[in-house]
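Engineer: Structure supplied as run.txt; contents: compact mmCIF, C-alpha atoms.
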# COMPACT_ATOMS: atom_id res chain seq x y z
CA MET A 526 -65.94 -34.24 -13.77
CA LEU A 527 -67.61 -34.08 -17.18
CA THR A 528 -70.99 -33.55 -15.51
CA ARG A 529 -69.65 -30.53 -13.59
CA ARG A 530 -68.19 -29.03 -16.76
CA LEU A 531 -71.41 -29.60 -18.66
CA ALA A 532 -73.46 -28.07 -15.84
CA ALA A 533 -71.12 -25.06 -15.68
CA ALA A 534 -71.28 -24.59 -19.45
CA LEU A 535 -75.08 -24.78 -19.45
CA LEU A 536 -75.30 -22.31 -16.58
CA ALA A 537 -72.99 -19.89 -18.40
CA ALA A 538 -75.02 -20.20 -21.62
CA VAL A 539 -78.33 -19.63 -19.83
CA THR A 540 -76.92 -16.65 -17.91
CA ALA A 541 -75.52 -15.04 -21.07
CA GLY A 542 -78.76 -15.64 -22.97
CA THR A 543 -80.85 -14.20 -20.17
CA ALA A 544 -78.73 -11.04 -20.07
CA LEU A 545 -79.57 -10.27 -23.70
CA VAL A 546 -83.15 -11.48 -23.90
CA GLY A 547 -85.10 -8.50 -22.70
CA CYS A 548 -85.09 -4.88 -21.90
CA SER A 549 -86.88 -5.43 -18.63
CA SER A 550 -87.85 -8.49 -16.68
CA GLY A 551 -91.18 -10.12 -17.27
CA SER A 552 -91.80 -8.07 -20.39
CA GLN A 553 -92.33 -8.89 -24.05
CA GLU A 554 -88.78 -8.05 -25.12
CA SER A 555 -87.89 -11.70 -25.63
CA ARG A 556 -89.55 -11.13 -29.03
CA CYS A 557 -87.27 -8.17 -29.77
CA ALA A 558 -84.37 -8.36 -32.18
CA ALA A 559 -81.05 -9.04 -30.47
CA ASP A 560 -77.81 -8.41 -32.32
CA GLY A 561 -74.96 -9.16 -29.95
CA SER A 562 -75.17 -6.62 -27.15
CA VAL A 563 -77.91 -4.53 -28.80
CA VAL A 564 -81.62 -5.29 -28.32
CA THR A 565 -84.05 -3.39 -30.57
CA CYS A 566 -87.80 -3.52 -29.99
CA ALA A 567 -90.45 -2.68 -32.58
CA PRO A 568 -93.17 -0.33 -31.29
CA ASP A 569 -95.61 -3.19 -30.64
CA GLN A 570 -92.98 -5.08 -28.62
CA ARG A 571 -91.95 -2.27 -26.27
CA SER A 572 -92.57 -2.27 -22.54
CA LYS A 573 -93.12 0.73 -20.30
CA THR A 574 -90.15 2.28 -18.58
CA PRO A 575 -89.72 1.49 -14.90
CA LYS A 576 -90.02 4.41 -12.51
CA VAL A 577 -86.93 6.59 -12.82
CA SER A 578 -86.39 9.33 -10.27
CA GLY A 579 -83.72 10.48 -7.93
CA GLU A 580 -81.27 13.10 -6.81
CA LEU A 581 -79.27 14.83 -9.53
CA LEU A 582 -75.49 15.04 -9.12
CA THR A 583 -75.72 18.81 -9.25
CA GLY A 584 -78.58 18.95 -6.75
CA GLY A 585 -82.33 18.88 -7.05
CA GLY A 586 -84.55 16.05 -8.09
CA TYR A 587 -85.47 14.38 -11.34
CA ASP A 588 -88.46 12.31 -12.44
CA ILE A 589 -88.52 10.85 -15.94
CA SER A 590 -92.24 11.50 -16.24
CA ARG A 591 -91.40 15.19 -16.79
CA ASP A 592 -89.82 14.21 -20.12
CA ARG A 593 -92.83 12.30 -21.47
CA GLY A 594 -93.25 13.19 -25.13
CA GLN A 595 -89.46 13.38 -25.57
CA VAL A 596 -87.16 10.62 -26.75
CA VAL A 597 -85.01 9.97 -23.68
CA VAL A 598 -81.54 8.43 -23.93
CA VAL A 599 -80.52 6.98 -20.57
CA ASN A 600 -76.84 6.18 -20.07
CA PHE A 601 -75.54 4.19 -17.08
CA TRP A 602 -71.96 5.17 -16.23
CA GLY A 603 -69.32 5.38 -13.53
CA SER A 604 -66.19 7.50 -13.16
CA TRP A 605 -64.23 4.27 -12.57
CA CYS A 606 -65.32 2.84 -15.94
CA ALA A 607 -62.78 3.22 -18.77
CA PRO A 608 -65.33 2.54 -21.55
CA CYS A 609 -67.55 5.23 -19.98
CA ARG A 610 -64.72 7.73 -20.40
CA ALA A 611 -64.28 6.64 -24.01
CA GLU A 612 -67.97 7.13 -24.90
CA ALA A 613 -68.61 10.40 -23.04
CA ASP A 614 -67.70 12.70 -25.96
CA ASP A 615 -69.81 10.60 -28.36
CA LEU A 616 -72.81 10.80 -26.02
CA GLU A 617 -72.44 14.57 -25.67
CA ASP A 618 -72.04 15.01 -29.45
CA THR A 619 -75.19 12.95 -30.07
CA TYR A 620 -77.07 14.91 -27.42
CA GLN A 621 -76.08 18.24 -29.00
CA ALA A 622 -76.99 16.99 -32.49
CA THR A 623 -80.44 15.65 -31.54
CA LYS A 624 -81.77 17.83 -28.70
CA GLY A 625 -83.50 20.16 -31.17
CA SER A 626 -85.69 17.28 -32.37
CA GLY A 627 -87.33 16.54 -29.05
CA VAL A 628 -84.57 14.34 -27.63
CA THR A 629 -83.12 14.57 -24.15
CA PHE A 630 -80.37 12.64 -22.38
CA LEU A 631 -80.09 11.45 -18.80
CA GLY A 632 -77.02 9.96 -17.19
CA ILE A 633 -77.33 7.59 -14.25
CA ASN A 634 -74.12 7.39 -12.23
CA VAL A 635 -73.72 4.00 -10.54
CA GLN A 636 -71.40 2.62 -7.85
CA ASP A 637 -69.51 5.84 -7.40
CA SER A 638 -68.74 8.65 -4.98
CA LYS A 639 -70.37 11.99 -5.66
CA ASP A 640 -67.04 13.86 -5.81
CA LYS A 641 -65.58 11.48 -8.41
CA ALA A 642 -68.80 11.53 -10.44
CA LEU A 643 -68.91 15.34 -10.50
CA ALA A 644 -65.24 15.52 -11.51
CA PHE A 645 -65.88 13.02 -14.31
CA GLU A 646 -68.79 15.03 -15.74
CA GLU A 647 -67.04 18.40 -15.61
CA GLY A 648 -66.20 19.48 -19.15
CA ARG A 649 -67.54 16.23 -20.63
CA VAL A 650 -71.34 16.30 -20.64
CA THR A 651 -73.99 18.99 -20.28
CA TYR A 652 -77.07 16.82 -19.69
CA PRO A 653 -78.14 15.89 -16.13
CA SER A 654 -77.20 12.73 -14.24
CA ILE A 655 -78.92 11.00 -11.36
CA PHE A 656 -76.59 9.94 -8.54
CA ASP A 657 -77.37 6.26 -7.87
CA PRO A 658 -74.47 4.70 -5.93
CA ALA A 659 -76.54 1.60 -5.05
CA SER A 660 -77.42 0.99 -8.75
CA ARG A 661 -81.15 0.77 -8.00
CA GLN A 662 -82.11 2.51 -11.25
CA ALA A 663 -79.88 0.20 -13.26
CA LEU A 664 -81.42 -2.86 -11.65
CA ASN A 665 -84.90 -1.49 -12.45
CA PHE A 666 -83.84 -1.64 -16.12
CA ASP A 667 -82.22 -5.08 -15.71
CA ILE A 668 -78.79 -3.50 -16.23
CA PRO A 669 -76.45 -5.42 -13.91
CA PRO A 670 -73.53 -3.37 -12.55
CA ASN A 671 -71.05 -5.52 -14.47
CA THR A 672 -72.52 -4.30 -17.79
CA THR A 673 -71.66 -0.63 -17.27
CA PRO A 674 -71.71 1.30 -19.51
CA ALA A 675 -75.16 0.66 -20.93
CA THR A 676 -77.51 2.90 -22.88
CA VAL A 677 -81.30 2.66 -23.11
CA VAL A 678 -83.33 4.65 -25.65
CA LEU A 679 -86.94 5.39 -24.70
CA ASP A 680 -89.55 6.41 -27.25
CA ARG A 681 -91.86 9.40 -26.84
CA GLU A 682 -94.42 7.22 -25.06
CA GLY A 683 -91.87 6.25 -22.42
CA ARG A 684 -91.34 2.73 -23.75
CA ILE A 685 -88.02 0.91 -24.05
CA ALA A 686 -87.03 0.95 -27.74
CA VAL A 687 -83.34 0.01 -27.69
CA VAL A 688 -80.90 -1.35 -25.09
CA ILE A 689 -77.16 -1.28 -25.75
CA ARG A 690 -75.12 -3.20 -23.17
CA ARG A 691 -71.67 -1.78 -23.97
CA ALA A 692 -70.01 1.52 -24.84
CA VAL A 693 -71.48 3.41 -27.81
CA THR A 694 -70.10 5.67 -30.51
CA ARG A 695 -71.80 8.68 -32.08
CA ASP A 696 -71.80 6.89 -35.46
CA GLU A 697 -73.84 4.07 -33.93
CA LEU A 698 -76.02 5.99 -31.47
CA ARG A 699 -77.09 9.01 -33.51
CA PRO A 700 -78.93 7.02 -36.24
CA ILE A 701 -80.68 4.97 -33.55
CA VAL A 702 -81.84 8.09 -31.72
CA GLU A 703 -82.89 9.82 -34.94
CA LYS A 704 -84.90 6.77 -36.03
CA ILE A 705 -86.78 6.61 -32.70
CA ALA A 706 -87.34 10.39 -32.79
CA ALA A 707 -88.78 10.17 -36.33
CA GLU A 708 -91.44 7.64 -35.28
CA SER A 709 -93.73 10.37 -33.98
CA PRO A 710 -93.73 14.16 -33.92
CA ALA A 711 -91.95 15.97 -31.13
CA PRO A 712 -94.02 18.17 -28.81
CA ASN A 713 -93.92 21.98 -28.95
CA GLY A 714 -92.93 22.19 -32.60
CA ALA A 715 -89.47 20.61 -32.19
CA ARG A 716 -88.45 18.63 -35.25
Do you think you could lay out the structure here as structure tokens?

Structural biologist:
Amino acid sequence: MLTRRLAAALLAAVTAGTALVGCSSGSQESRCAADGSVVTCAPDQRSKTPKVSGELLTGGGYDISRDRGQVVVVNFWGSWCAPCRAEADDLEDTYQATKGSGVTFLGINVQDSKDKALAFEEGRVTYPSIFDPASRQALNFDIPPNTTPATVVLDREGRIAVVIRRAVTRDELRPIVEKIAAESPAPNGAR
């Protein structure tokens, strides 16, 4: 009995530790700074972003490579997710406050129906979202479906700078985004 409990406790500890270790599997992020559910990577510790492309909720396609040179904030969300509802206004406020400095946002809707996702976005956010009901994009970022919402901040070189595995607030997210944006100049004269 004690052996089973010990094995279960060790498995739980290893699983929890693995969830917070890196921004993407097989990368250098195990050297990044982890503070609870936030992992922050210094520029020399960052890994490249996995391929991100797909169908937008509103139609048309999206490929993250078109935003190279921008800081990209990627938020994984679902209409069924109460914390996602709570953070939506904060995400939109941060987007509006930072888009003039070469920052863009991308939502990735997971495990949802298109109708519910569109209804959720209406009147909440103005940035685009990829429709990803199978959560393939989330899994590419090592964001398991049970950690929705999650937010990933990419630097201008398309590298993973910060991963937040819970809901965010504008007071937390805006300084993170501004710091990453200030690391290098924005293209096309944006500040």

Engineer: Using only C-alpha atoms, which of the listed residues (A:Tyr620, A:Val577, A:Ile689, A:Pro658) sits closest to Ala558 in chain A?

Structural biologist: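 Nearest candidate to Ala558 in chain A out of A:Tyr620, A:Val577, A:Ile689, A:Pro658: A:Ile689.
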
Engineer: Find the residues around Thr694 in chain A up to 9 Å (all atoms listed in the file counted), leave out those fewer than 3 positions away in its own chain, and share them as an mmCIF file with C-alpha atoms, in the frame of the given file.

Structural biologist:
data_model
loop_
_atom_site.group_PDB
_atom_site.id
_atom_site.type_symbol
_atom_site.label_atom_id
_atom_site.label_comp_id
_atom_site.auth_asym_id
_atom_site.auth_seq_id
_atom_site.Cartn_x
_atom_site.Cartn_y
_atom_site.Cartn_z
ATOM 1 C CA ALA A 611 -64.280 6.640 -24.010
ATOM 2 C CA GLU A 612 -67.970 7.130 -24.900
ATOM 3 C CA ALA A 613 -68.610 10.400 -23.040
ATOM 4 C CA ASP A 614 -67.700 12.700 -25.960
ATOM 5 C CA ASP A 615 -69.810 10.600 -28.360
ATOM 6 C CA LEU A 616 -72.810 10.800 -26.020
ATOM 7 C CA THR A 619 -75.190 12.950 -30.070
ATOM 8 C CA GLU A 697 -73.840 4.070 -33.930
ATOM 9 C CA LEU A 698 -76.020 5.990 -31.470
ATOM 10 C CA ARG A 699 -77.090 9.010 -33.510
#

Engineer: Which of these, A:Thr651, A:Ser660, A:Thr623, A:Thr574, has the shortest distance to Lys704 in chain A once you count all atoms listed in the file?

Structural biologist: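 Checking each of A:Thr651, A:Ser660, A:Thr623, A:Thr574 against Lys704 in chain A, counting all atoms listed in the file, the winner is A:Thr623.
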
Engineer: May I have the residues within 9 Å of Arg593 in chain A as a PyMOL selection string, using only C-alpha atoms and disregarding those fewer than 4 positions away in the same chain?

Structural biologist: chain A and resi 589+597+680-683

Engineer: Pick the closest to Glu703 in chain A from A:Val598, A:Ala644, A:Cys609, A:Leu582: which is it, counting only C-alpha atoms?

Structural biologist: A:Val598

Engineer: Using the structure block above, produce a file of range 636-659 of chain A that contains N, CA and C atoms, as an mmCIF file, in the first residue's frame.

Structural biologist:
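Saved as part37.cif:
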data_model
loop_
_atom_site.group_PDB
_atom_site.id
_atom_site.type_symbol
_atom_site.label_atom_id
_atom_site.label_comp_id
_atom_site.auth_asym_id
_atom_site.auth_seq_id
_atom_site.Cartn_x
_atom_site.Cartn_y
_atom_site.Cartn_z
ATOM 1 N N GLN A 636 -10.813 22.877 -28.734
ATOM 2 C CA GLN A 636 -11.886 22.006 -28.250
ATOM 3 C C GLN A 636 -13.238 22.705 -28.195
ATOM 4 N N ASP A 637 -13.653 23.219 -29.315
ATOM 5 C CA ASP A 637 -14.853 24.046 -29.343
ATOM 6 C C ASP A 637 -15.608 23.817 -30.643
ATOM 7 N N SER A 638 -16.832 24.332 -30.692
ATOM 8 C CA SER A 638 -17.560 24.376 -31.962
ATOM 9 C C SER A 638 -17.372 25.781 -32.523
ATOM 10 N N LYS A 639 -17.427 25.892 -33.822
ATOM 11 C CA LYS A 639 -17.191 27.190 -34.466
ATOM 12 C C LYS A 639 -18.246 28.218 -34.047
ATOM 13 N N ASP A 640 -19.517 27.804 -33.983
ATOM 14 C CA ASP A 640 -20.579 28.733 -33.603
ATOM 15 C C ASP A 640 -20.365 29.299 -32.201
ATOM 16 N N LYS A 641 -20.022 28.446 -31.251
ATOM 17 C CA LYS A 641 -19.795 28.897 -29.877
ATOM 18 C C LYS A 641 -18.561 29.790 -29.795
ATOM 19 N N ALA A 642 -17.528 29.451 -30.551
ATOM 20 C CA ALA A 642 -16.304 30.257 -30.542
ATOM 21 C C ALA A 642 -16.578 31.649 -31.113
ATOM 22 N N LEU A 643 -17.294 31.716 -32.221
ATOM 23 C CA LEU A 643 -17.620 33.015 -32.818
ATOM 24 C C LEU A 643 -18.479 33.855 -31.876
ATOM 25 N N ALA A 644 -19.448 33.233 -31.221
ATOM 26 C CA ALA A 644 -20.294 33.957 -30.276
ATOM 27 C C ALA A 644 -19.475 34.483 -29.096
ATOM 28 N N PHE A 645 -18.511 33.695 -28.644
ATOM 29 C CA PHE A 645 -17.648 34.110 -27.538
ATOM 30 C C PHE A 645 -16.838 35.346 -27.921
ATOM 31 N N GLU A 646 -16.263 35.349 -29.113
ATOM 32 C CA GLU A 646 -15.402 36.457 -29.542
ATOM 33 C C GLU A 646 -16.163 37.755 -29.795
ATOM 34 N N GLU A 647 -17.406 37.643 -30.231
ATOM 35 C CA GLU A 647 -18.172 38.827 -30.620
ATOM 36 C C GLU A 647 -18.252 39.834 -29.475
ATOM 37 N N GLY A 648 -17.740 41.039 -29.741
ATOM 38 C CA GLY A 648 -17.781 42.099 -28.745
ATOM 39 C C GLY A 648 -16.711 41.986 -27.672
ATOM 40 N N ARG A 649 -15.864 40.944 -27.741
ATOM 41 C CA ARG A 649 -14.827 40.772 -26.722
ATOM 42 C C ARG A 649 -13.434 41.114 -27.246
ATOM 43 N N VAL A 650 -13.062 40.523 -28.378
ATOM 44 C CA VAL A 650 -11.712 40.724 -28.905
ATOM 45 C C VAL A 650 -11.758 41.091 -30.376
ATOM 46 N N THR A 651 -10.750 41.865 -30.801
ATOM 47 C CA THR A 651 -10.699 42.305 -32.195
ATOM 48 C C THR A 651 -9.559 41.655 -32.970
ATOM 49 N N TYR A 652 -8.687 40.931 -32.303
ATOM 50 C CA TYR A 652 -7.587 40.254 -32.990
ATOM 51 C C TYR A 652 -8.071 38.896 -33.504
ATOM 52 N N PRO A 653 -7.375 38.316 -34.486
ATOM 53 C CA PRO A 653 -7.843 37.062 -35.097
ATOM 54 C C PRO A 653 -7.611 35.843 -34.206
ATOM 55 N N SER A 654 -8.395 34.797 -34.479
ATOM 56 C CA SER A 654 -8.222 33.510 -33.796
ATOM 57 C C SER A 654 -8.257 32.378 -34.806
ATOM 58 N N ILE A 655 -7.353 31.448 -34.630
ATOM 59 C CA ILE A 655 -7.364 30.209 -35.406
ATOM 60 C C ILE A 655 -8.366 29.256 -34.761
ATOM 61 N N PHE A 656 -9.140 28.573 -35.575
ATOM 62 C CA PHE A 656 -10.071 27.552 -35.103
ATOM 63 C C PHE A 656 -9.331 26.215 -35.101
ATOM 64 N N ASP A 657 -9.123 25.654 -33.914
ATOM 65 C CA ASP A 657 -8.327 24.435 -33.752
ATOM 66 C C ASP A 657 -9.034 23.463 -32.796
ATOM 67 N N PRO A 658 -10.177 22.890 -33.229
ATOM 68 C CA PRO A 658 -10.947 22.047 -32.316
ATOM 69 C C PRO A 658 -10.180 20.810 -31.833
ATOM 70 N N ALA A 659 -9.211 20.337 -32.570
ATOM 71 C CA ALA A 659 -8.437 19.158 -32.160
ATOM 72 C C ALA A 659 -7.235 19.527 -31.287
#
